[in-house]
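J.: Pasting in a structure now, in structure tokens, and then I'll have a few things to ask.
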Amino acid sequence: MANASQTAKKKNPVAAFFSAIGADFREIGTTFAKGDAKTRMSYVVMGYGPIRRGQLVKGFSLLATEIFFIWYMINFGGGYLSKLGTLGTIETTKKGRKTIYGDNSFLILLYGLLTLCIIAAFIFVWRLNVRENLVEQTKLAQGRKLPTNKKVLASLLDENFDKTLLLLPMLGIFVFTVLPIIFMICVAFTNYDKTHQSPTHLFTWVGMENFKNLFSFGSNGFGSTFGAVLAWTLVWALLATFIDYFLGILVAMLINKKGIRFKKVWRTILVMTIAVPQFVSLLYISKMFATDGLVNEFLLAHHLISNAIPFWDNPTLAKVMIVLINIWVGIPYLMLIATGLLMNIPEDLYESARIDGANNRQMFFNITLPYIFFVTGPFLLTQFTGNLNNFNVIYLLTQGGPTSTKLSANAGHTDLLVTWLYKMTVNETNYKMAACIGIMVFIVTAVISLIVYNMLPSVKDEEGFQ
């Protein structure tokens with residue numbers, strides 16, 4: 001029973017996390033209690049111990065980090081951090097021709113979050129400082145020599161070259177990816193919109209009010225619109241993914257079928273749809289099927305119809321058109337992938353199936369499709385998540401329209417969550433609700449991806465199809 005309990009504890013990530021935190025604090029306390037004067041002094045003056053032990057490169061690097069941190073907090077970060085709780089209280093005003101500058105909520109939030117991240121990074125470096133002192137003290141107590149400064153510098157281009165190489169990319173990822181994501185999440189808990197534009201009109205924290213509004217079905221709520229847009233987003237992603245997937249496989253099988261001539265010509269024609277930028281092709285198709293577009297003009301001129309067909313003005317017809325046009329755009333990708341996979345399926349499998357009396361339909365569902373799905377399962381998941389956020393096809397064809405009085409916040413019948421987010425940001429400058437929708441897009445995509453990923457045959461049994 002004891003072993004089972006320990007095993008369960010090891011498998012519990014939450015328990016493992018807190019256990020690691022506890023062990024880290026114990027190590028910090030033990031290092032201070034058993035450390036010499038140099039080690040204890042390093043708790044206050046980072047790098048003091050390494051400098052006194054001759055490790056000048058490490059010691060001065062740690063000391064420079066502490067000096068920079070103190071300078072930053074005193075001259076820049078501390079001021080923004082102190083206002084992070086309110087996001088500013090003094091608005092910018094004008095007295096005659098003179099502008100009296102006050103707080104800027106946007107900068108307070110941005111630089112306040114940056115300061116919190118720098119504090120977290122400093123704590124991490126401080127912890128490395130404590131551990132470095134422990135390592136150095138232990139080596140000296142064992143009678144071992146510490147590495148020379150020259151060797152420490154050389155290690156940055158040798159055994160520690162991975163850290164040197166990844167330093168700038170990691171900083172870039174943090175500045176241009178991680179920090180904006182954190183900022184966007186925080187905006188969802190503020191009242192940042194067109195009526196609260198800093199510095200003249202400050203915005204502040206409102207807690208969960210925006211999320212309550214997003215799920216509210218009242219007169220001023222977004223609940224019904226969010227539900228309608230989310231439902232269409234999921235339906236669109238399913239149709240766009242699986243229709244293209246199966247039709248792409250069938251087209252590849254048809255082209256690869258023995259007796260079909262000019263195989264390269266057919267593949268080239270299909271690939272041409274990939275070569276032409278979607279920005280050009282989709283905008284052209286959008287104009288073709290407009291009420292006064294080429295298609296309606298042709299049909300009216302030949303008296304095939306009496307009134308123009310509302311391809312983009314009728315909600316149901318617009319959705320059908322989007323799905324059909326996406327087939328033309330998406331099939332070539334799957335056709336190319338399926339073509340390569342079909343050539344790699346062992347012919348012996350088909351020969352054995354024919355000997356056993358299997359027909360073409362049975363061979364497709366028992367050999368071809370399982371093999372292709374096993375290999376392309378992760379790609380299919382990627383396509384699905386990509387279609388959840390397929391901005392190009394929707395916006396270039398319909399701009400999310402047609403609009404409706406039943407949908408709020410400028411949402412249209414064909415809007416996906418991502419296009420609705422875009423319109424809410426650009427057209428309405430409603431950043432707070434756009435941030436909420438952005439969080440919901442992430443949650444929907446992450447939950448579906450995790451569930452489906454763990455159900456894929458290639459993930460559950462990597463060697464299942466041999």
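In the structure tokens, the first chain shown is A, the next is B, and so on; residue numbers restart at 1 for each chain, and ligands run from 1 in the order shown.
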Counting only C-alpha atoms, what is within 8 Å of region 123-140 of chain A, bar same-chain residues fewer than 3 positions away, as a VMD selection string?
T.: chain A and resid 28 31 35 39 42 to 43 46 to 47 49 to 50 62 119 to 120 143 to 146
J.: For all heavy atoms, I'd like the residues from the last selection saved as a compact mmCIF listing (two decimals), in the first residue's frame.
T.:
# COMPACT_ATOMS: atom_id res chain seq x y z
N ILE A 28 17.73 26.16 0.22
CA ILE A 28 18.16 27.54 0.46
C ILE A 28 18.49 27.75 1.94
O ILE A 28 19.51 28.35 2.29
CB ILE A 28 17.07 28.53 0.00
CG1 ILE A 28 16.94 28.49 -1.53
CG2 ILE A 28 17.39 29.96 0.46
CD1 ILE A 28 15.76 29.29 -2.05
N THR A 31 21.68 25.76 2.90
CA THR A 31 22.89 26.41 2.37
C THR A 31 23.29 27.60 3.22
O THR A 31 24.48 27.81 3.51
CB THR A 31 22.64 26.86 0.92
OG1 THR A 31 22.27 25.73 0.13
CG2 THR A 31 23.89 27.50 0.33
N GLY A 35 26.57 27.39 5.32
CA GLY A 35 27.51 28.09 4.46
C GLY A 35 28.51 28.92 5.23
O GLY A 35 28.28 29.30 6.39
N THR A 39 29.44 32.68 1.41
CA THR A 39 28.15 32.19 0.92
C THR A 39 27.01 33.01 1.50
O THR A 39 26.08 33.41 0.78
CB THR A 39 27.98 30.71 1.27
OG1 THR A 39 28.99 29.95 0.61
CG2 THR A 39 26.61 30.20 0.84
N SER A 42 26.64 36.38 0.02
CA SER A 42 26.11 36.33 -1.34
C SER A 42 24.58 36.36 -1.37
O SER A 42 23.99 36.65 -2.41
CB SER A 42 26.60 35.08 -2.07
OG SER A 42 27.98 35.14 -2.31
N TYR A 43 23.95 36.06 -0.24
CA TYR A 43 22.50 36.17 -0.18
C TYR A 43 22.07 37.63 -0.32
O TYR A 43 20.95 37.90 -0.77
CB TYR A 43 21.99 35.61 1.15
CG TYR A 43 21.79 34.11 1.15
CD1 TYR A 43 22.87 33.25 0.96
CD2 TYR A 43 20.53 33.54 1.34
CE1 TYR A 43 22.71 31.88 0.97
CE2 TYR A 43 20.35 32.18 1.34
CZ TYR A 43 21.43 31.35 1.15
OH TYR A 43 21.27 29.99 1.14
N MET A 46 24.89 39.63 -4.47
CA MET A 46 25.04 38.52 -5.40
C MET A 46 26.43 38.53 -6.03
O MET A 46 26.94 39.58 -6.43
CB MET A 46 23.97 38.59 -6.49
CG MET A 46 22.58 38.20 -6.03
SD MET A 46 21.28 38.51 -7.27
CE MET A 46 21.98 37.76 -8.72
N GLY A 47 27.03 37.34 -6.11
CA GLY A 47 28.34 37.20 -6.72
C GLY A 47 29.49 37.44 -5.77
O GLY A 47 30.66 37.27 -6.16
N GLY A 49 30.48 35.72 -3.11
CA GLY A 49 31.20 34.47 -2.87
C GLY A 49 32.07 34.06 -4.05
O GLY A 49 33.27 33.81 -3.88
N PRO A 50 31.53 33.97 -5.26
CA PRO A 50 32.37 33.62 -6.41
C PRO A 50 33.54 34.58 -6.62
O PRO A 50 34.64 34.13 -6.97
CB PRO A 50 31.37 33.68 -7.58
CG PRO A 50 30.06 33.36 -6.98
CD PRO A 50 30.09 33.98 -5.62
N LEU A 62 26.89 38.04 -11.89
CA LEU A 62 25.80 38.05 -10.90
C LEU A 62 25.68 39.42 -10.25
O LEU A 62 24.57 39.92 -10.04
CB LEU A 62 26.05 36.98 -9.85
CG LEU A 62 25.95 35.53 -10.34
CD1 LEU A 62 26.48 34.57 -9.28
CD2 LEU A 62 24.51 35.18 -10.69
N ILE A 119 11.21 40.90 -12.12
CA ILE A 119 11.36 40.46 -10.72
C ILE A 119 11.45 38.94 -10.65
O ILE A 119 12.29 38.39 -9.93
CB ILE A 119 10.19 40.98 -9.87
CG1 ILE A 119 10.27 42.50 -9.72
CG2 ILE A 119 10.18 40.31 -8.50
CD1 ILE A 119 9.07 43.12 -9.03
N ALA A 120 10.58 38.26 -11.41
CA ALA A 120 10.62 36.80 -11.44
C ALA A 120 11.96 36.30 -11.98
O ALA A 120 12.54 35.34 -11.45
CB ALA A 120 9.47 36.26 -12.28
N GLY A 143 38.34 19.32 -1.50
CA GLY A 143 39.71 19.43 -1.96
C GLY A 143 39.85 19.52 -3.47
O GLY A 143 40.94 19.35 -4.01
N ARG A 144 38.76 19.82 -4.16
CA ARG A 144 38.79 19.93 -5.62
C ARG A 144 39.00 21.38 -6.03
O ARG A 144 38.66 22.31 -5.29
CB ARG A 144 37.48 19.41 -6.22
CG ARG A 144 37.25 17.94 -5.94
CD ARG A 144 35.78 17.57 -6.02
NE ARG A 144 35.22 17.86 -7.33
CZ ARG A 144 33.93 17.83 -7.60
NH1 ARG A 144 33.06 17.53 -6.63
NH2 ARG A 144 33.49 18.10 -8.82
N LYS A 145 39.57 21.58 -7.22
CA LYS A 145 39.84 22.92 -7.70
C LYS A 145 38.64 23.46 -8.49
O LYS A 145 37.94 22.71 -9.18
CB LYS A 145 41.08 22.93 -8.59
CG LYS A 145 42.37 22.69 -7.84
CD LYS A 145 43.56 22.80 -8.78
CE LYS A 145 44.87 22.61 -8.04
NZ LYS A 145 46.05 22.76 -8.96
N LEU A 146 38.44 24.76 -8.38
CA LEU A 146 37.39 25.41 -9.16
C LEU A 146 37.91 25.71 -10.56
O LEU A 146 39.10 25.94 -10.75
CB LEU A 146 36.96 26.71 -8.48
CG LEU A 146 36.37 26.58 -7.07
CD1 LEU A 146 36.04 27.95 -6.50
CD2 LEU A 146 35.13 25.70 -7.07
J.: For region 186-304 of chain A against region 411-434 of chain A, with a cut-off of 6 Å and counting only C-alpha atoms, what is the closest atom pair and its distance in Å to one decimal for every residue that makes the cut, ordered by chain and number, as a tab-separated table?
T.:
residue	atom	partner	partner_atom	distance
A:Val187	CA	A:Lys432	CA	5.6
A:Ala188	CA	A:Lys432	CA	4.8
A:Asn191	CA	A:Lys432	CA	5.9
A:Tyr192	CA	A:Lys432	CA	5.2
A:Asp193	CA	A:Asn430	CA	4.4
A:Lys194	CA	A:Thr429	CA	5.4
A:Val229	CA	A:Leu416	CA	5.9
A:Thr233	CA	A:Leu416	CA	5.0
J.: I need the chosen residues saved as a PDB file, in the first residue's frame, with C-alpha atoms.
T.:
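Below is the file out_31.pdb, written as the result:
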ATOM      1  CA  VAL A 187      -6.847  43.467 -20.737  1.00  0.00           C
ATOM      2  CA  ALA A 188      -9.772  41.035 -20.465  1.00  0.00           C
ATOM      3  CA  ASN A 191     -12.674  48.247 -19.051  1.00  0.00           C
ATOM      4  CA  TYR A 192     -10.323  49.159 -21.919  1.00  0.00           C
ATOM      5  CA  ASP A 193     -12.522  50.285 -24.838  1.00  0.00           C
ATOM      6  CA  LYS A 194     -13.192  53.353 -27.011  1.00  0.00           C
ATOM      7  CA  VAL A 229     -20.599  32.432 -33.493  1.00  0.00           C
ATOM      8  CA  THR A 233     -17.031  28.130 -35.803  1.00  0.00           C
TER       9      THR A 233
END
J.: Determine which residues of region 133-364 of chain A DSSP labels as alpha helix (DSSP H) from the backbone of this structure, then write them out as a VMD selection string.
T.: chain A and resid 133 to 141 149 to 155 161 to 173 179 to 187 209 to 214 223 to 256 263 to 275 278 to 288 294 to 301 315 to 344 347 to 355 360 to 363
J.: So, counting only C-alpha atoms, which residue among A:Phe384, A:Phe32, A:Trp328, A:Phe364 is closest to Leu238 (chain A)?
T.: A:Phe384
